[in-house]
Amino acid sequence: MTSSADGGAESRKKYEAEYIAWLQIAAKEIAETLKNLNFDKINEIVEFYEKSLADPASMHFPLESEEEETIEKLIGSHRIESTILLKTKALIFAPSILVPSATTRSLDYGIAMHRRFFLRGLWFSVIAVNEDYLQSATEPMLRYMLEHELAQGEIYKELVAQHIKILSSKMKGVVHEEARLKAIQQSAISHDEVQRERQLILDLSAQSPLVPTHFASASLLKYLEANWEEVKPFGLPSQNEIEKGLELSSEKFADWTDFSCSAFKIFLNALKREITMTGAEYGVEIV
């Protein structure tokens, strides 16, 4: 038992070290984008980062009633009746599953996140969307995005039912593509509109705070904890033996929130160093 526990601790320690090293590399790539913005915009983004680090729950906030109504109209209220809808000023980023690692761009950017959490004996489903995307996207884009998030959620639920918990980058790519094709079919979005949606995400990624998915997930959990009375009605008990079996492992996710927050602090410090090195704080690039 001790040997197994030691092995688990070593494995986690190795993962954490590799993840932090990757975040520091990501900070350099993101700094290259940030340094193209003006001084006020850079300050605004850095202030957002600092506020989010100090109070992770503040990174997300509820949708306006009109925004909720639009989403319910597009997707059907019955499909998201137990889902908490939130928005954020940030985009999320993760290691690329869509672009070969040999290319210069190493990150994938996302404007939405669909997560399930087990908290205080209940399961919560949350969809968080970038605020600027909500305001800029056309209705076909919004429908496509929502269908994609719901499709991914269903696929991951099926994989969990098959006791598949750890996915390779290749498998994540397969899931993404399967969900993408299903979303295109369900939303009936045109090819041109899909291309415009991709360009919108690229445009937003060049002028928005970019947050690692681990920290964004931690922020969502912190949001549920901080707003318990408001979110409690959305919670559901485990519906089957599979979900009951996942309760303990899902509770352990809370252990990762502290690491996710400390890793985000390292990312932010690295990002600010890179901005200073490039001279972006003065609105110019130092070559």
# chains A, B, ... in the order shown; residues from 1 in each chain; ligands from 1

$ select_by_dssp --residues "range 20-264 of chain A" --states "helix (DSSP H, G or I)" --output "MDAnalysis selection string"
chainID A and resid 20:34 39:54 56:59 65:75 77:79 131:136 139:161 169:187 191:205 213:226 228:234 241:251 253:264

$ closest_residue --among "A:Val175, A:Ile25, A:Ile189, A:Leu37" --to "Lys157 in chain A" --atoms "only C-alpha atoms"
A:Val175

$ closest_residue --among "A:Trp22, A:Tyr49, A:Phe267, A:Phe215" --to "Ala254 in chain A" --atoms "only C-alpha atoms"
A:Phe215

$ closest_residue --among "A:Arg120, A:Lys89, A:Lys41, A:Lys272" --to "Ser238 in chain A" --atoms "only C-alpha atoms"
A:Arg120

$ atom_distance --atom1 "CA of Val231 in chain A" --atom2 "CA of Thr83 in chain A"
9.7 Å
